[in-house]
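Next comes input_17.pdb, with PDB, C-alpha atoms.
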```
ATOM      1  CA  MET Y  81      35.340   9.902   3.721  1.00  0.00           C
ATOM      2  CA  LYS Y  82      33.937   9.862   7.213  1.00  0.00           C
ATOM      3  CA  LEU Y  83      36.089  10.179  10.303  1.00  0.00           C
ATOM      4  CA  THR Y  84      34.583   9.482  13.722  1.00  0.00           C
ATOM      5  CA  LEU Y  85      36.168  10.548  16.989  1.00  0.00           C
ATOM      6  CA  VAL Y  86      34.689   8.923  20.094  1.00  0.00           C
ATOM      7  CA  ARG Y  87      36.034  10.404  23.307  1.00  0.00           C
ATOM      8  CA  ASP Y  88      36.132   7.977  26.184  1.00  0.00           C
ATOM      9  CA  THR Y  89      38.306   9.537  28.892  1.00  0.00           C
ATOM     10  CA  PHE Y  90      37.935  13.028  30.355  1.00  0.00           C
ATOM     11  CA  GLY Y  91      40.385  14.315  32.936  1.00  0.00           C
ATOM     12  CA  TYR Y  92      42.659  17.138  33.951  1.00  0.00           C
ATOM     13  CA  GLY Y  93      45.413  15.476  31.899  1.00  0.00           C
ATOM     14  CA  GLY Y  94      43.353  15.833  28.735  1.00  0.00           C
ATOM     15  CA  THR Y  95      40.589  14.213  26.750  1.00  0.00           C
ATOM     16  CA  LEU Y  96      41.384  10.859  25.146  1.00  0.00           C
ATOM     17  CA  GLY Y  97      39.532   9.297  22.250  1.00  0.00           C
ATOM     18  CA  VAL Y  98      39.589   6.827  19.384  1.00  0.00           C
ATOM     19  CA  LEU Y  99      39.599   7.951  15.753  1.00  0.00           C
ATOM     20  CA  SER Y 100      38.035   5.736  13.075  1.00  0.00           C
ATOM     21  CA  VAL Y 101      38.189   6.226   9.304  1.00  0.00           C
ATOM     22  CA  ASP Y 102      35.172   4.920   7.402  1.00  0.00           C
ATOM     23  CA  GLY Y 103      34.223   2.754  10.388  1.00  0.00           C
ATOM     24  CA  GLU Y 104      37.655   1.198  10.997  1.00  0.00           C
ATOM     25  CA  TYR Y 105      39.960   1.985  13.928  1.00  0.00           C
ATOM     26  CA  PHE Y 106      42.771   4.299  12.863  1.00  0.00           C
ATOM     27  CA  CYS Y 107      44.466   5.724  15.973  1.00  0.00           C
ATOM     28  CA  ASN Y 108      44.059   7.374  19.362  1.00  0.00           C
ATOM     29  CA  THR Y 109      43.565  11.083  19.977  1.00  0.00           C
ATOM     30  CA  LEU Y 110      44.362  13.626  22.657  1.00  0.00           C
ATOM     31  CA  GLU Y 111      42.701  17.010  23.179  1.00  0.00           C
ATOM     32  CA  PRO Y 112      42.653  19.502  26.046  1.00  0.00           C
ATOM     33  CA  CYS Y 113      40.295  18.778  28.923  1.00  0.00           C
ATOM     34  CA  LEU Y 114      36.771  20.107  29.041  1.00  0.00           C
ATOM     35  CA  GLY Y 115      36.995  23.776  29.900  1.00  0.00           C
ATOM     36  CA  ILE Y 116      34.715  25.598  32.252  1.00  0.00           C
ATOM     37  CA  THR Y 117      34.745  29.277  31.417  1.00  0.00           C
ATOM     38  CA  GLU Y 118      32.022  31.835  31.817  1.00  0.00           C
ATOM     39  CA  LYS Y 119      32.504  33.137  28.277  1.00  0.00           C
ATOM     40  CA  TYR Y 120      32.791  29.906  26.268  1.00  0.00           C
ATOM     41  CA  GLY Y 121      31.306  27.161  28.472  1.00  0.00           C
ATOM     42  CA  LYS Y 122      32.722  23.628  28.304  1.00  0.00           C
ATOM     43  CA  TYR Y 123      33.904  23.695  24.686  1.00  0.00           C
ATOM     44  CA  GLY Y 124      35.419  27.126  24.245  1.00  0.00           C
ATOM     45  CA  ARG Y 125      38.895  28.309  23.471  1.00  0.00           C
ATOM     46  CA  GLY Y 126      41.616  26.088  24.942  1.00  0.00           C
ATOM     47  CA  ALA Y 127      39.203  23.218  25.622  1.00  0.00           C
ATOM     48  CA  CYS Y 128      38.206  20.177  23.599  1.00  0.00           C
ATOM     49  CA  ILE Y 129      35.991  20.631  20.550  1.00  0.00           C
ATOM     50  CA  LYS Y 130      32.206  20.677  20.868  1.00  0.00           C
ATOM     51  CA  PRO Y 131      30.623  17.390  19.724  1.00  0.00           C
ATOM     52  CA  GLY Y 132      29.194  17.604  16.222  1.00  0.00           C
ATOM     53  CA  THR Y 133      30.017  16.963  12.582  1.00  0.00           C
ATOM     54  CA  TYR Y 134      32.526  19.198  10.831  1.00  0.00           C
ATOM     55  CA  SER Y 135      34.021  19.245   7.364  1.00  0.00           C
ATOM     56  CA  ILE Y 136      37.773  18.876   7.015  1.00  0.00           C
ATOM     57  CA  ASP Y 137      39.800  20.885   4.541  1.00  0.00           C
ATOM     58  CA  LEU Y 138      43.430  21.802   3.962  1.00  0.00           C
ATOM     59  CA  HIS Y 139      44.686  25.209   5.029  1.00  0.00           C
ATOM     60  CA  TYR Y 140      48.180  26.599   5.195  1.00  0.00           C
ATOM     61  CA  SER Y 141      49.404  27.023   8.777  1.00  0.00           C
ATOM     62  CA  PRO Y 142      51.977  29.777   9.323  1.00  0.00           C
ATOM     63  CA  LYS Y 143      52.873  28.156  12.662  1.00  0.00           C
ATOM     64  CA  PHE Y 144      53.683  24.750  11.119  1.00  0.00           C
ATOM     65  CA  LYS Y 145      54.750  26.202   7.731  1.00  0.00           C
ATOM     66  CA  ARG Y 146      52.799  23.574   5.794  1.00  0.00           C
ATOM     67  CA  TYR Y 147      49.279  22.618   4.804  1.00  0.00           C
ATOM     68  CA  MET Y 148      47.342  21.082   7.670  1.00  0.00           C
ATOM     69  CA  LEU Y 149      44.059  19.240   8.177  1.00  0.00           C
ATOM     70  CA  THR Y 150      41.634  21.872   9.451  1.00  0.00           C
ATOM     71  CA  LEU Y 151      38.154  21.494  10.964  1.00  0.00           C
ATOM     72  CA  CYS Y 152      35.728  24.009   9.446  1.00  0.00           C
ATOM     73  CA  ALA Y 153      32.863  25.916  11.101  1.00  0.00           C
ATOM     74  CA  VAL Y 154      33.548  24.877  14.712  1.00  0.00           C
ATOM     75  CA  PRO Y 155      31.274  27.048  16.925  1.00  0.00           C
ATOM     76  CA  LEU Y 156      33.122  29.845  18.757  1.00  0.00           C
ATOM     77  CA  ARG Y 157      36.465  28.580  17.390  1.00  0.00           C
ATOM     78  CA  SER Y 158      38.812  28.898  14.442  1.00  0.00           C
ATOM     79  CA  GLY Y 159      42.116  27.376  13.418  1.00  0.00           C
ATOM     80  CA  ILE Y 160      41.289  23.916  14.766  1.00  0.00           C
ATOM     81  CA  LEU Y 161      43.839  21.486  13.336  1.00  0.00           C
ATOM     82  CA  ILE Y 162      44.574  17.790  13.435  1.00  0.00           C
ATOM     83  CA  HIS Y 163      48.308  17.588  14.105  1.00  0.00           C
ATOM     84  CA  SER Y 164      51.089  15.666  15.796  1.00  0.00           C
ATOM     85  CA  GLY Y 165      52.003  15.923  19.455  1.00  0.00           C
ATOM     86  CA  ASN Y 166      52.553  13.747  22.483  1.00  0.00           C
ATOM     87  CA  THR Y 167      51.023  15.438  25.515  1.00  0.00           C
ATOM     88  CA  VAL Y 168      48.209  17.832  26.340  1.00  0.00           C
ATOM     89  CA  GLU Y 169      50.814  20.612  26.445  1.00  0.00           C
ATOM     90  CA  ASP Y 170      51.257  20.139  22.673  1.00  0.00           C
ATOM     91  CA  THR Y 171      47.677  21.193  21.903  1.00  0.00           C
ATOM     92  CA  GLN Y 172      45.888  24.481  22.403  1.00  0.00           C
ATOM     93  CA  GLY Y 173      42.491  23.151  21.421  1.00  0.00           C
ATOM     94  CA  CYS Y 174      43.433  20.979  18.443  1.00  0.00           C
ATOM     95  CA  ILE Y 175      43.252  17.201  17.968  1.00  0.00           C
ATOM     96  CA  LEU Y 176      46.497  15.274  18.359  1.00  0.00           C
ATOM     97  CA  VAL Y 177      46.785  11.832  16.746  1.00  0.00           C
ATOM     98  CA  GLY Y 178      48.999   8.864  17.643  1.00  0.00           C
ATOM     99  CA  VAL Y 179      49.150   5.604  19.538  1.00  0.00           C
ATOM    100  CA  LEU Y 180      48.191   5.804  23.222  1.00  0.00           C
ATOM    101  CA  HIS Y 181      50.890   4.845  25.697  1.00  0.00           C
ATOM    102  CA  GLY Y 182      49.769   5.683  29.232  1.00  0.00           C
ATOM    103  CA  SER Y 183      48.500   9.268  29.118  1.00  0.00           C
ATOM    104  CA  ARG Y 184      50.630  10.310  26.145  1.00  0.00           C
ATOM    105  CA  LEU Y 185      50.684   9.629  22.432  1.00  0.00           C
ATOM    106  CA  GLU Y 186      53.539   7.980  20.561  1.00  0.00           C
ATOM    107  CA  ASN Y 187      54.229   7.672  16.815  1.00  0.00           C
ATOM    108  CA  SER Y 188      52.261  10.874  16.345  1.00  0.00           C
ATOM    109  CA  ARG Y 189      54.039  12.145  13.223  1.00  0.00           C
ATOM    110  CA  ILE Y 190      53.743   8.738  11.564  1.00  0.00           C
ATOM    111  CA  MET Y 191      49.995   8.579  12.281  1.00  0.00           C
ATOM    112  CA  LEU Y 192      49.477  12.166  11.118  1.00  0.00           C
ATOM    113  CA  ASN Y 193      51.324  11.529   7.856  1.00  0.00           C
ATOM    114  CA  CYS Y 194      49.249   8.372   7.231  1.00  0.00           C
ATOM    115  CA  LEU Y 195      45.993  10.217   7.946  1.00  0.00           C
ATOM    116  CA  PHE Y 196      47.046  13.191   5.814  1.00  0.00           C
ATOM    117  CA  SER Y 197      47.860  10.901   2.871  1.00  0.00           C
ATOM    118  CA  ARG Y 198      44.537   9.055   3.125  1.00  0.00           C
ATOM    119  CA  ILE Y 199      42.543  12.269   3.246  1.00  0.00           C
ATOM    120  CA  LEU Y 200      44.548  13.907   0.480  1.00  0.00           C
ATOM    121  CA  SER Y 201      43.919  10.912  -1.798  1.00  0.00           C
ATOM    122  CA  VAL Y 202      40.128  11.483  -1.704  1.00  0.00           C
ATOM    123  CA  LEU Y 203      39.733  15.201  -0.979  1.00  0.00           C
ATOM    124  CA  THR Y 204      39.372  16.245  -4.630  1.00  0.00           C
ATOM    125  CA  LYS Y 205      36.786  13.492  -5.280  1.00  0.00           C
ATOM    126  CA  GLU Y 206      34.637  13.542  -2.151  1.00  0.00           C
ATOM    127  CA  SER Y 207      34.024  15.508   0.998  1.00  0.00           C
ATOM    128  CA  VAL Y 208      35.739  14.602   4.242  1.00  0.00           C
ATOM    129  CA  THR Y 209      33.929  15.007   7.559  1.00  0.00           C
ATOM    130  CA  ILE Y 210      34.651  14.266  11.187  1.00  0.00           C
ATOM    131  CA  THR Y 211      31.924  13.460  13.698  1.00  0.00           C
ATOM    132  CA  ILE Y 212      32.949  14.025  17.305  1.00  0.00           C
ATOM    133  CA  LYS Y 213      31.038  12.205  20.054  1.00  0.00           C
ATOM    134  CA  ASN Y 214      31.404  11.852  23.802  1.00  0.00           C
ATOM    135  CA  LYS Y 215      31.021   8.321  25.134  1.00  0.00           C
TER     136      LYS Y 215
END
```
Let's see the structure in the file written out as structure tokens.
Amino acid sequence: MKLTLVRDTFGYGGTLGVLSVDGEYFCNTLEPCLGITEKYGKYGRGACIKPGTYSIDLHYSPKFKRYMLTLCAVPLRSGILIHSGNTVEDTQGCILVGVLHGSRLENSRIMLNCLFSRILSVLTKESVTITIKNK
């Protein structure tokens, strides 16, 4: 299964994008804005994820007390999740999923549960990757 995240809006209120699953629109996304730090550059801790292709796996999250979709081998980062949330304050460098309404996401838990189910249905049979691109 191939997920593609194309980011199209960058601002102080966050980074907005569109997530597709196997080439079909699935939902909108929200990440932190591009960071500018001396140590990590634009894509370091607390900023949006560096463009690239990453595998997705399930890992138990003590914070959420459940298994979560986790991006693997993100440069300079760890613990990058795809999870629910509505505003940029709900993410500390992870990808939030939902339906865009203004600058916030709605129906985030519903979209996350749908995505989780789709990925879980194929994870034992095939690999799941996400390619992140800036428009």
Going by the chain IDs and residue numbers used in this file, which residues fall under the PyMOL selection byres ((chain Y and resi 147-155) around 9)? Write them as a PDB file with C-alpha atoms, in the frame of the given file.
```pdb
ATOM      1  CA  TYR Y 123      33.904  23.695  24.686  1.00  0.00           C
ATOM      2  CA  GLY Y 124      35.419  27.126  24.245  1.00  0.00           C
ATOM      3  CA  ILE Y 129      35.991  20.631  20.550  1.00  0.00           C
ATOM      4  CA  LYS Y 130      32.206  20.677  20.868  1.00  0.00           C
ATOM      5  CA  GLY Y 132      29.194  17.604  16.222  1.00  0.00           C
ATOM      6  CA  THR Y 133      30.017  16.963  12.582  1.00  0.00           C
ATOM      7  CA  TYR Y 134      32.526  19.198  10.831  1.00  0.00           C
ATOM      8  CA  SER Y 135      34.021  19.245   7.364  1.00  0.00           C
ATOM      9  CA  ILE Y 136      37.773  18.876   7.015  1.00  0.00           C
ATOM     10  CA  ASP Y 137      39.800  20.885   4.541  1.00  0.00           C
ATOM     11  CA  LEU Y 138      43.430  21.802   3.962  1.00  0.00           C
ATOM     12  CA  HIS Y 139      44.686  25.209   5.029  1.00  0.00           C
ATOM     13  CA  TYR Y 140      48.180  26.599   5.195  1.00  0.00           C
ATOM     14  CA  SER Y 141      49.404  27.023   8.777  1.00  0.00           C
ATOM     15  CA  PRO Y 142      51.977  29.777   9.323  1.00  0.00           C
ATOM     16  CA  PHE Y 144      53.683  24.750  11.119  1.00  0.00           C
ATOM     17  CA  LYS Y 145      54.750  26.202   7.731  1.00  0.00           C
ATOM     18  CA  ARG Y 146      52.799  23.574   5.794  1.00  0.00           C
ATOM     19  CA  LEU Y 156      33.122  29.845  18.757  1.00  0.00           C
ATOM     20  CA  ARG Y 157      36.465  28.580  17.390  1.00  0.00           C
ATOM     21  CA  SER Y 158      38.812  28.898  14.442  1.00  0.00           C
ATOM     22  CA  GLY Y 159      42.116  27.376  13.418  1.00  0.00           C
ATOM     23  CA  ILE Y 160      41.289  23.916  14.766  1.00  0.00           C
ATOM     24  CA  LEU Y 161      43.839  21.486  13.336  1.00  0.00           C
ATOM     25  CA  ILE Y 162      44.574  17.790  13.435  1.00  0.00           C
ATOM     26  CA  HIS Y 163      48.308  17.588  14.105  1.00  0.00           C
ATOM     27  CA  PHE Y 196      47.046  13.191   5.814  1.00  0.00           C
ATOM     28  CA  ILE Y 199      42.543  12.269   3.246  1.00  0.00           C
ATOM     29  CA  THR Y 209      33.929  15.007   7.559  1.00  0.00           C
ATOM     30  CA  ILE Y 210      34.651  14.266  11.187  1.00  0.00           C
TER      31      ILE Y 210
END
```
### Selected residue, from Y:Leu114, Y:Asn166, Y:Thr211, Y:Phe106, that lies nearest to Gly182 of chain Y when counting all atoms listed in the file
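Among the listed residues, the smallest separation from Gly182 of chain Y belongs to Y:Asn166.
The two atoms in question, atom CA of Gly94 of chain Y and atom CA of Pro112 of chain Y, are spaced 4.6 Å apart.
For the residues Y:Ser188, Y:Glu169, Y:Lys215, Y:Ala127, ranking by smallest atom-to-atom distance to Thr109 of chain Y using all atoms listed in the file places Y:Ser188 first.
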## Note on the structure
From atom CA of Asp88 of chain Y to atom CA of Arg189 of chain Y the spacing works out at 22.5 Å
### Query
Nearest to Gly97 of chain Y: which of Y:Val168, Y:Val202, Y:Leu110, Y:Ile175 is it, counting only C-alpha atoms?
Y:Leu110
### Query
With only C-alpha atoms as the basis for distance, which of Y:Met191, Y:Met81, Y:Leu185, Y:Val86 is at the shortest distance from Leu203 of chain Y?
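Result for the nearest residue to Leu203 of chain Y: Y:Met81.
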### Message
Report, in Å with one decimal, the straight-line distance from atom CA of Glu186 of chain Y to atom CA of Asn108 of chain Y.
### Response
9.6 Å
### Summary
If you count only C-alpha atoms, the residue of Y:Val179, Y:Pro131, Y:Leu83, Y:Thr167 closest to Cys107 of chain Y turns out to be Y:Val179
Would you mind exporting segment 159-171 of chain Y with N, CA, C and O atoms, as a PDB file, in the first residue's frame?
```pdb
ATOM      1  N   GLY Y 159       9.584   8.454  16.861  1.00  0.00           N
ATOM      2  CA  GLY Y 159       8.244   8.574  17.430  1.00  0.00           C
ATOM      3  C   GLY Y 159       7.282   9.391  16.596  1.00  0.00           C
ATOM      4  O   GLY Y 159       6.370  10.008  17.137  1.00  0.00           O
ATOM      5  N   ILE Y 160       7.463   9.393  15.276  1.00  0.00           N
ATOM      6  CA  ILE Y 160       6.581  10.158  14.397  1.00  0.00           C
ATOM      7  C   ILE Y 160       5.336   9.324  14.120  1.00  0.00           C
ATOM      8  O   ILE Y 160       5.421   8.247  13.534  1.00  0.00           O
ATOM      9  N   LEU Y 161       4.189   9.820  14.520  1.00  0.00           N
ATOM     10  CA  LEU Y 161       2.930   9.098  14.405  1.00  0.00           C
ATOM     11  C   LEU Y 161       1.997   9.776  13.407  1.00  0.00           C
ATOM     12  O   LEU Y 161       2.133  10.961  13.117  1.00  0.00           O
ATOM     13  N   ILE Y 162       1.026   9.001  12.937  1.00  0.00           N
ATOM     14  CA  ILE Y 162      -0.143   9.555  12.270  1.00  0.00           C
ATOM     15  C   ILE Y 162      -1.254   9.424  13.290  1.00  0.00           C
ATOM     16  O   ILE Y 162      -1.549   8.313  13.757  1.00  0.00           O
ATOM     17  N   HIS Y 163      -1.847  10.538  13.703  1.00  0.00           N
ATOM     18  CA  HIS Y 163      -2.882  10.466  14.738  1.00  0.00           C
ATOM     19  C   HIS Y 163      -3.942  11.538  14.549  1.00  0.00           C
ATOM     20  O   HIS Y 163      -3.881  12.340  13.627  1.00  0.00           O
ATOM     21  N   SER Y 164      -4.930  11.513  15.415  1.00  0.00           N
ATOM     22  CA  SER Y 164      -6.025  12.481  15.329  1.00  0.00           C
ATOM     23  C   SER Y 164      -5.642  13.776  16.020  1.00  0.00           C
ATOM     24  O   SER Y 164      -4.761  13.812  16.881  1.00  0.00           O
ATOM     25  N   GLY Y 165      -6.323  14.837  15.636  1.00  0.00           N
ATOM     26  CA  GLY Y 165      -6.124  16.154  16.218  1.00  0.00           C
ATOM     27  C   GLY Y 165      -6.777  17.178  15.309  1.00  0.00           C
ATOM     28  O   GLY Y 165      -7.085  16.892  14.153  1.00  0.00           O
ATOM     29  N   ASN Y 166      -6.987  18.368  15.850  1.00  0.00           N
ATOM     30  CA  ASN Y 166      -7.711  19.384  15.097  1.00  0.00           C
ATOM     31  C   ASN Y 166      -6.893  20.615  14.728  1.00  0.00           C
ATOM     32  O   ASN Y 166      -7.162  21.240  13.712  1.00  0.00           O
ATOM     33  N   THR Y 167      -5.914  20.955  15.544  1.00  0.00           N
ATOM     34  CA  THR Y 167      -5.135  22.162  15.299  1.00  0.00           C
ATOM     35  C   THR Y 167      -3.655  21.850  15.424  1.00  0.00           C
ATOM     36  O   THR Y 167      -3.264  20.793  15.921  1.00  0.00           O
ATOM     37  N   VAL Y 168      -2.833  22.791  15.017  1.00  0.00           N
ATOM     38  CA  VAL Y 168      -1.384  22.607  15.070  1.00  0.00           C
ATOM     39  C   VAL Y 168      -0.914  22.388  16.516  1.00  0.00           C
ATOM     40  O   VAL Y 168       0.110  21.752  16.743  1.00  0.00           O
ATOM     41  N   GLU Y 169      -1.671  22.853  17.479  1.00  0.00           N
ATOM     42  CA  GLU Y 169      -1.311  22.635  18.881  1.00  0.00           C
ATOM     43  C   GLU Y 169      -1.430  21.161  19.275  1.00  0.00           C
ATOM     44  O   GLU Y 169      -0.876  20.731  20.283  1.00  0.00           O
ATOM     45  N   ASP Y 170      -2.151  20.368  18.475  1.00  0.00           N
ATOM     46  CA  ASP Y 170      -2.343  18.951  18.781  1.00  0.00           C
ATOM     47  C   ASP Y 170      -1.210  18.072  18.253  1.00  0.00           C
ATOM     48  O   ASP Y 170      -1.226  16.863  18.456  1.00  0.00           O
ATOM     49  N   THR Y 171      -0.247  18.656  17.567  1.00  0.00           N
ATOM     50  CA  THR Y 171       0.866  17.877  17.028  1.00  0.00           C
ATOM     51  C   THR Y 171       2.180  18.451  17.520  1.00  0.00           C
ATOM     52  O   THR Y 171       2.328  19.654  17.665  1.00  0.00           O
TER      53      THR Y 171
END
```
